[in-house]
Amino acid sequence: QTIQSYAFYGCTSLKQVELPNSVKSIGSSAFVKCSSLVAFKIPPLCTVAPSFSYCTNLQTITLHDNIKSFDIQTFNQCTSLESIDIPDGVIELPFAFARGCTALKTIDFPSSLTKIGEDAFRDCNFETLVIPNTINSIDKYSLAAKVKNLYLPSSITEAGNYALGTYVIDNIYFNGTINQYIDLLSLNNIISSATTSNKSLSWLTASIPIWFFL
C-alpha cells in the first residue's frame, strides 16, 4: 500500500508505471529523475502528490480529487509538461511546484487555493497567466516567469521579495482600483526593477501597460 521514497529514483529508462488503486501513499522522491517517464496516474487513495522533479519527458499527470497537498518540487523541471489540473481542496502550492516547466501552457487553479509558494512558477513561460481572486499570498519568486499577459487579483495581501521576478512582463491586468494596485506594489520588493525597462520601481506604470478592471 506504500511506495517507499527513492523506490524508483533515477530510473532513467522507466517509461510507464501503472500502480494499483490500493496504493495509499507514495514516497516524496519515489519517481524523481525518471527522465523517460511520459505519463503518470496517481492512485485515488493517495492524498499527497509526490515529487516528479526532473522527469523531463513527463507530458501528462492525472490528479484525482482526493489530492489535498503536494510534496515540494512536485513538477520541478518537468520541461515537457503542458497542463496541470490542481484538484479542489488544495490550499497551497509548495516550493518550486512547477519551476522551470517551460512547456506549461494551462493551469487549472481550484477555488480552494489561497497561497502560491516560493519559486512555484519560476522560469516558466506563459502567454497568459491568470491568478484567481482566491489567492491572498504569493511567496518570493513565485510568479517569476516570462509572461506576456499577467492577470492579478486585488485579493493579494502578502507577497515575498520579487514575487513577480526579474523577467519583463508585457501587460499586467489588475482586478481592482489604482489605489489597490499601489498597495500591492508596496508589499516588499514584489517586483524587481529588472522587470521594467527602467532602473526605478517608481517608473513601473510607465514601462508596463497596466489595465484595470472590476
# chains A, B, ... in the order shown; residues from 1 in each chain; ligands from 1
$ select_by_dssp --residues "region 60-212 of chain A" --states "strand (DSSP E)" --output "ChimeraX atom specification"
/A:60-62,69-70,83-85,92-93,106-108,115-116,125-130,137-138,146-153,158-159,171-175,210-212
$ residues_around --residues "region 14-30 of chain A" --least-positions-apart "4" --cutoff "7 Å" --atoms "only C-alpha atoms" --output "MDAnalysis selection string"
chainID A and resid 1:9 34 36:40 43:46 50:51 71
$ residues_around --residues "Phe70 (chain A)" --least-positions-apart "5" --cutoff "8 Å" --atoms "only C-alpha atoms" --output "PDB file with all heavy atoms, in the first residue's frame"
ATOM      1  N   VAL A  48      -1.550  12.872  -1.015  1.00  0.00           N
ATOM      2  CA  VAL A  48      -0.396  13.745  -1.246  1.00  0.00           C
ATOM      3  C   VAL A  48       0.268  13.344  -2.558  1.00  0.00           C
ATOM      4  O   VAL A  48       0.568  12.169  -2.776  1.00  0.00           O
ATOM      5  CB  VAL A  48       0.635  13.656  -0.098  1.00  0.00           C
ATOM      6  CG1 VAL A  48       1.818  14.574  -0.374  1.00  0.00           C
ATOM      7  CG2 VAL A  48      -0.010  13.997   1.236  1.00  0.00           C
ATOM      8  N   ALA A  49       0.479  14.311  -3.431  1.00  0.00           N
ATOM      9  CA  ALA A  49       1.157  14.035  -4.694  1.00  0.00           C
ATOM     10  C   ALA A  49       2.664  14.105  -4.474  1.00  0.00           C
ATOM     11  O   ALA A  49       3.158  15.067  -3.894  1.00  0.00           O
ATOM     12  CB  ALA A  49       0.732  15.031  -5.761  1.00  0.00           C
ATOM     13  N   PRO A  50       3.414  13.109  -4.931  1.00  0.00           N
ATOM     14  CA  PRO A  50       4.865  13.097  -4.721  1.00  0.00           C
ATOM     15  C   PRO A  50       5.577  14.020  -5.700  1.00  0.00           C
ATOM     16  O   PRO A  50       4.953  14.647  -6.556  1.00  0.00           O
ATOM     17  CB  PRO A  50       5.238  11.638  -4.980  1.00  0.00           C
ATOM     18  CG  PRO A  50       4.258  11.218  -6.039  1.00  0.00           C
ATOM     19  CD  PRO A  50       2.974  11.921  -5.698  1.00  0.00           C
ATOM     20  N   SER A  51       6.880  14.094  -5.575  1.00  0.00           N
ATOM     21  CA  SER A  51       7.680  14.895  -6.493  1.00  0.00           C
ATOM     22  C   SER A  51       8.039  14.107  -7.753  1.00  0.00           C
ATOM     23  O   SER A  51       8.400  12.937  -7.684  1.00  0.00           O
ATOM     24  CB  SER A  51       8.968  15.360  -5.805  1.00  0.00           C
ATOM     25  OG  SER A  51       9.815  16.013  -6.733  1.00  0.00           O
ATOM     26  N   LEU A  93       0.278  25.864  -2.888  1.00  0.00           N
ATOM     27  CA  LEU A  93       1.261  25.246  -3.776  1.00  0.00           C
ATOM     28  C   LEU A  93       2.630  25.367  -3.124  1.00  0.00           C
ATOM     29  O   LEU A  93       3.024  26.450  -2.681  1.00  0.00           O
ATOM     30  CB  LEU A  93       1.264  25.927  -5.142  1.00  0.00           C
ATOM     31  CG  LEU A  93      -0.047  25.856  -5.931  1.00  0.00           C
ATOM     32  CD1 LEU A  93       0.129  26.487  -7.304  1.00  0.00           C
ATOM     33  CD2 LEU A  93      -0.533  24.410  -6.054  1.00  0.00           C
ATOM     34  N   PRO A  94       3.409  24.273  -3.082  1.00  0.00           N
ATOM     35  CA  PRO A  94       4.661  24.248  -2.330  1.00  0.00           C
ATOM     36  C   PRO A  94       5.833  24.882  -3.069  1.00  0.00           C
ATOM     37  O   PRO A  94       5.703  25.335  -4.221  1.00  0.00           O
ATOM     38  CB  PRO A  94       4.896  22.754  -2.129  1.00  0.00           C
ATOM     39  CG  PRO A  94       4.348  22.151  -3.384  1.00  0.00           C
ATOM     40  CD  PRO A  94       3.131  22.964  -3.715  1.00  0.00           C
ATOM     41  N   PHE A  97       6.927  24.336  -7.084  1.00  0.00           N
ATOM     42  CA  PHE A  97       5.855  23.456  -7.551  1.00  0.00           C
ATOM     43  C   PHE A  97       6.012  23.091  -9.031  1.00  0.00           C
ATOM     44  O   PHE A  97       5.973  21.913  -9.401  1.00  0.00           O
ATOM     45  CB  PHE A  97       4.501  24.131  -7.323  1.00  0.00           C
ATOM     46  CG  PHE A  97       3.326  23.413  -7.920  1.00  0.00           C
ATOM     47  CD1 PHE A  97       2.894  22.207  -7.385  1.00  0.00           C
ATOM     48  CD2 PHE A  97       2.653  23.938  -9.018  1.00  0.00           C
ATOM     49  CE1 PHE A  97       1.798  21.536  -7.932  1.00  0.00           C
ATOM     50  CE2 PHE A  97       1.565  23.283  -9.566  1.00  0.00           C
ATOM     51  CZ  PHE A  97       1.141  22.083  -9.026  1.00  0.00           C
TER      52      PHE A  97
END
$ residues_around --residues "Lys148 (chain A)" --least-positions-apart "5" --cutoff "12 Å" --atoms "only C-alpha atoms" --output "JSON, numbers by chain"
{"A": [124, 125, 126, 127, 128, 129, 130, 167, 168, 169, 170, 171, 172, 173, 208, 209]}
$ select_by_dssp --residues "region 2-213 of chain A" --states "alpha helix (DSSP H)" --output "PDB file with N, CA and C atoms, in the first residue's frame"
ATOM      1  N   ILE A 178      -6.774  51.595  -8.829  1.00  0.00           N
ATOM      2  CA  ILE A 178      -5.397  52.087  -8.853  1.00  0.00           C
ATOM      3  C   ILE A 178      -4.803  52.080  -7.453  1.00  0.00           C
ATOM      4  N   ASN A 179      -5.579  52.491  -6.469  1.00  0.00           N
ATOM      5  CA  ASN A 179      -5.082  52.512  -5.086  1.00  0.00           C
ATOM      6  C   ASN A 179      -4.752  51.108  -4.586  1.00  0.00           C
ATOM      7  N   GLN A 180      -5.566  50.127  -4.958  1.00  0.00           N
ATOM      8  CA  GLN A 180      -5.286  48.747  -4.566  1.00  0.00           C
ATOM      9  C   GLN A 180      -4.013  48.247  -5.235  1.00  0.00           C
ATOM     10  N   TYR A 181      -3.786  48.685  -6.469  1.00  0.00           N
ATOM     11  CA  TYR A 181      -2.569  48.286  -7.173  1.00  0.00           C
ATOM     12  C   TYR A 181      -1.336  48.897  -6.513  1.00  0.00           C
ATOM     13  N   ILE A 182      -1.446  50.151  -6.099  1.00  0.00           N
ATOM     14  CA  ILE A 182      -0.351  50.815  -5.383  1.00  0.00           C
ATOM     15  C   ILE A 182      -0.064  50.079  -4.079  1.00  0.00           C
ATOM     16  N   ASP A 183      -1.110  49.648  -3.387  1.00  0.00           N
ATOM     17  CA  ASP A 183      -0.940  48.876  -2.147  1.00  0.00           C
ATOM     18  C   ASP A 183      -0.202  47.570  -2.433  1.00  0.00           C
ATOM     19  N   LEU A 184      -0.538  46.933  -3.565  1.00  0.00           N
ATOM     20  CA  LEU A 184       0.121  45.675  -3.932  1.00  0.00           C
ATOM     21  C   LEU A 184       1.613  45.904  -4.162  1.00  0.00           C
ATOM     22  N   LEU A 185       1.954  46.991  -4.842  1.00  0.00           N
ATOM     23  CA  LEU A 185       3.361  47.277  -5.113  1.00  0.00           C
ATOM     24  C   LEU A 185       4.150  47.577  -3.852  1.00  0.00           C
ATOM     25  N   LEU A 204       7.366  51.948 -12.846  1.00  0.00           N
ATOM     26  CA  LEU A 204       6.709  50.705 -13.241  1.00  0.00           C
ATOM     27  C   LEU A 204       5.517  50.940 -14.161  1.00  0.00           C
ATOM     28  N   THR A 205       4.628  51.857 -13.777  1.00  0.00           N
ATOM     29  CA  THR A 205       3.413  52.052 -14.569  1.00  0.00           C
ATOM     30  C   THR A 205       3.704  52.699 -15.909  1.00  0.00           C
ATOM     31  N   ALA A 206       4.878  53.298 -16.064  1.00  0.00           N
ATOM     32  CA  ALA A 206       5.231  53.893 -17.342  1.00  0.00           C
ATOM     33  C   ALA A 206       5.846  52.877 -18.292  1.00  0.00           C
ATOM     34  N   SER A 207       6.441  51.822 -17.742  1.00  0.00           N
ATOM     35  CA  SER A 207       7.171  50.874 -18.583  1.00  0.00           C
ATOM     36  C   SER A 207       6.392  49.599 -18.872  1.00  0.00           C
TER      37      SER A 207
END
$ atom_distance --atom1 "CA of Asp85 (chain A)" --atom2 "CA of Ala103 (chain A)"
14.8 Å
$ residues_around --residues "region 135-137 of chain A" --least-positions-apart "3" --cutoff "7 Å" --atoms "only C-alpha atoms" --output "list in words"
Leu113, Thr114, Lys115, Ile116, Pro132, Ser155, Ile156, Thr157, Glu158 and Ala159 of chain A
$ decode --residues "region 88-187 of chain A" --atoms "C-alpha atoms" --output "PDB file, in the first residue's frame"
ATOM      1  CA  ASP A  88     -10.215  21.299  -5.441  1.00  0.00           C
ATOM      2  CA  GLY A  89      -9.290  21.205  -1.772  1.00  0.00           C
ATOM      3  CA  VAL A  90      -5.637  22.110  -2.295  1.00  0.00           C
ATOM      4  CA  ILE A  91      -4.902  25.247  -0.253  1.00  0.00           C
ATOM      5  CA  GLU A  92      -1.254  25.935  -1.014  1.00  0.00           C
ATOM      6  CA  LEU A  93       1.261  25.246  -3.776  1.00  0.00           C
ATOM      7  CA  PRO A  94       4.661  24.248  -2.330  1.00  0.00           C
ATOM      8  CA  PHE A  95       8.213  25.374  -3.000  1.00  0.00           C
ATOM      9  CA  ALA A  96       9.219  25.022  -6.676  1.00  0.00           C
ATOM     10  CA  PHE A  97       5.855  23.456  -7.551  1.00  0.00           C
ATOM     11  CA  ALA A  98       6.343  23.834 -11.314  1.00  0.00           C
ATOM     12  CA  ARG A  99       9.660  25.653 -11.517  1.00  0.00           C
ATOM     13  CA  GLY A 100      11.243  25.533 -14.954  1.00  0.00           C
ATOM     14  CA  CYS A 101       8.244  23.907 -16.656  1.00  0.00           C
ATOM     15  CA  THR A 102       8.938  25.713 -19.899  1.00  0.00           C
ATOM     16  CA  ALA A 103       6.252  23.874 -21.918  1.00  0.00           C
ATOM     17  CA  LEU A 104       3.484  24.558 -19.376  1.00  0.00           C
ATOM     18  CA  LYS A 105       0.554  26.305 -21.064  1.00  0.00           C
ATOM     19  CA  THR A 106      -2.524  25.595 -18.950  1.00  0.00           C
ATOM     20  CA  ILE A 107      -3.060  25.627 -15.184  1.00  0.00           C
ATOM     21  CA  ASP A 108      -6.461  24.989 -13.654  1.00  0.00           C
ATOM     22  CA  PHE A 109      -6.478  26.628 -10.214  1.00  0.00           C
ATOM     23  CA  PRO A 110      -9.106  25.430  -7.694  1.00  0.00           C
ATOM     24  CA  SER A 111     -11.304  27.789  -5.711  1.00  0.00           C
ATOM     25  CA  SER A 112      -9.729  26.441  -2.502  1.00  0.00           C
ATOM     26  CA  LEU A 113      -6.239  27.756  -3.324  1.00  0.00           C
ATOM     27  CA  THR A 114      -5.064  30.716  -1.228  1.00  0.00           C
ATOM     28  CA  LYS A 115      -1.248  30.673  -1.407  1.00  0.00           C
ATOM     29  CA  ILE A 116       1.361  30.229  -4.129  1.00  0.00           C
ATOM     30  CA  GLY A 117       4.661  29.140  -2.602  1.00  0.00           C
ATOM     31  CA  GLU A 118       8.233  30.216  -3.242  1.00  0.00           C
ATOM     32  CA  ASP A 119       9.544  29.608  -6.768  1.00  0.00           C
ATOM     33  CA  ALA A 120       6.254  27.900  -7.699  1.00  0.00           C
ATOM     34  CA  PHE A 121       6.271  29.026 -11.344  1.00  0.00           C
ATOM     35  CA  ARG A 122       9.765  30.456 -11.562  1.00  0.00           C
ATOM     36  CA  ASP A 123      11.337  30.280 -15.034  1.00  0.00           C
ATOM     37  CA  CYS A 124       8.115  29.144 -16.708  1.00  0.00           C
ATOM     38  CA  ASN A 125       6.992  30.704 -19.972  1.00  0.00           C
ATOM     39  CA  PHE A 126       3.344  31.779 -20.301  1.00  0.00           C
ATOM     40  CA  GLU A 127       1.385  33.514 -22.994  1.00  0.00           C
ATOM     41  CA  THR A 128      -1.271  34.284 -20.372  1.00  0.00           C
ATOM     42  CA  LEU A 129      -1.298  33.595 -16.634  1.00  0.00           C
ATOM     43  CA  VAL A 130      -4.469  34.270 -14.650  1.00  0.00           C
ATOM     44  CA  ILE A 131      -4.117  34.295 -10.862  1.00  0.00           C
ATOM     45  CA  PRO A 132      -7.557  33.675  -9.290  1.00  0.00           C
ATOM     46  CA  ASN A 133      -9.134  36.045  -6.779  1.00  0.00           C
ATOM     47  CA  THR A 134      -8.920  33.412  -4.036  1.00  0.00           C
ATOM     48  CA  ILE A 135      -5.155  33.982  -3.755  1.00  0.00           C
ATOM     49  CA  ASN A 136      -4.067  36.204  -0.863  1.00  0.00           C
ATOM     50  CA  SER A 137      -0.381  35.264  -0.626  1.00  0.00           C
ATOM     51  CA  ILE A 138       2.379  34.926  -3.238  1.00  0.00           C
ATOM     52  CA  ASP A 139       5.791  33.939  -1.900  1.00  0.00           C
ATOM     53  CA  LYS A 140       9.146  35.167  -3.179  1.00  0.00           C
ATOM     54  CA  TYR A 141       9.849  34.472  -6.842  1.00  0.00           C
ATOM     55  CA  SER A 142       6.572  32.528  -7.016  1.00  0.00           C
ATOM     56  CA  LEU A 143       5.492  34.196 -10.280  1.00  0.00           C
ATOM     57  CA  ALA A 144       8.983  34.965 -11.585  1.00  0.00           C
ATOM     58  CA  ALA A 145       8.142  33.724 -15.065  1.00  0.00           C
ATOM     59  CA  LYS A 146       8.210  35.010 -18.614  1.00  0.00           C
ATOM     60  CA  VAL A 147       4.637  36.242 -19.059  1.00  0.00           C
ATOM     61  CA  LYS A 148       3.077  38.210 -21.881  1.00  0.00           C
ATOM     62  CA  ASN A 149      -0.246  38.799 -20.128  1.00  0.00           C
ATOM     63  CA  LEU A 150      -0.447  38.580 -16.340  1.00  0.00           C
ATOM     64  CA  TYR A 151      -3.814  38.846 -14.578  1.00  0.00           C
ATOM     65  CA  LEU A 152      -3.533  39.748 -10.883  1.00  0.00           C
ATOM     66  CA  PRO A 153      -6.361  39.914  -8.318  1.00  0.00           C
ATOM     67  CA  SER A 154      -6.793  42.603  -5.687  1.00  0.00           C
ATOM     68  CA  SER A 155      -7.117  39.829  -3.082  1.00  0.00           C
ATOM     69  CA  ILE A 156      -3.314  39.559  -2.689  1.00  0.00           C
ATOM     70  CA  THR A 157      -2.312  40.967   0.712  1.00  0.00           C
ATOM     71  CA  GLU A 158       1.009  39.165   1.260  1.00  0.00           C
ATOM     72  CA  ALA A 159       3.942  38.987  -1.136  1.00  0.00           C
ATOM     73  CA  GLY A 160       7.539  37.825  -0.816  1.00  0.00           C
ATOM     74  CA  ASN A 161      10.541  39.616  -2.276  1.00  0.00           C
ATOM     75  CA  TYR A 162      10.490  39.714  -6.076  1.00  0.00           C
ATOM     76  CA  ALA A 163       7.305  37.659  -6.219  1.00  0.00           C
ATOM     77  CA  LEU A 164       6.904  38.790  -9.817  1.00  0.00           C
ATOM     78  CA  GLY A 165      10.576  38.233 -10.505  1.00  0.00           C
ATOM     79  CA  THR A 166      13.001  39.829 -12.902  1.00  0.00           C
ATOM     80  CA  TYR A 167      11.619  38.944 -16.324  1.00  0.00           C
ATOM     81  CA  VAL A 168       9.964  41.577 -18.484  1.00  0.00           C
ATOM     82  CA  ILE A 169       6.141  41.422 -18.351  1.00  0.00           C
ATOM     83  CA  ASP A 170       4.347  42.750 -21.437  1.00  0.00           C
ATOM     84  CA  ASN A 171       0.958  43.524 -19.862  1.00  0.00           C
ATOM     85  CA  ILE A 172      -0.490  43.442 -16.350  1.00  0.00           C
ATOM     86  CA  TYR A 173      -4.252  43.217 -15.916  1.00  0.00           C
ATOM     87  CA  PHE A 174      -5.301  44.123 -12.387  1.00  0.00           C
ATOM     88  CA  ASN A 175      -8.714  43.254 -10.999  1.00  0.00           C
ATOM     89  CA  GLY A 176      -9.067  46.285  -8.755  1.00  0.00           C
ATOM     90  CA  THR A 177      -8.514  50.000  -8.364  1.00  0.00           C
ATOM     91  CA  ILE A 178      -5.397  52.087  -8.853  1.00  0.00           C
ATOM     92  CA  ASN A 179      -5.082  52.512  -5.086  1.00  0.00           C
ATOM     93  CA  GLN A 180      -5.286  48.747  -4.566  1.00  0.00           C
ATOM     94  CA  TYR A 181      -2.569  48.286  -7.173  1.00  0.00           C
ATOM     95  CA  ILE A 182      -0.351  50.815  -5.383  1.00  0.00           C
ATOM     96  CA  ASP A 183      -0.940  48.876  -2.147  1.00  0.00           C
ATOM     97  CA  LEU A 184       0.121  45.675  -3.932  1.00  0.00           C
ATOM     98  CA  LEU A 185       3.361  47.277  -5.113  1.00  0.00           C
ATOM     99  CA  SER A 186       4.140  48.349  -1.548  1.00  0.00           C
ATOM    100  CA  LEU A 187       4.372  44.713  -0.406  1.00  0.00           C
TER     101      LEU A 187
END
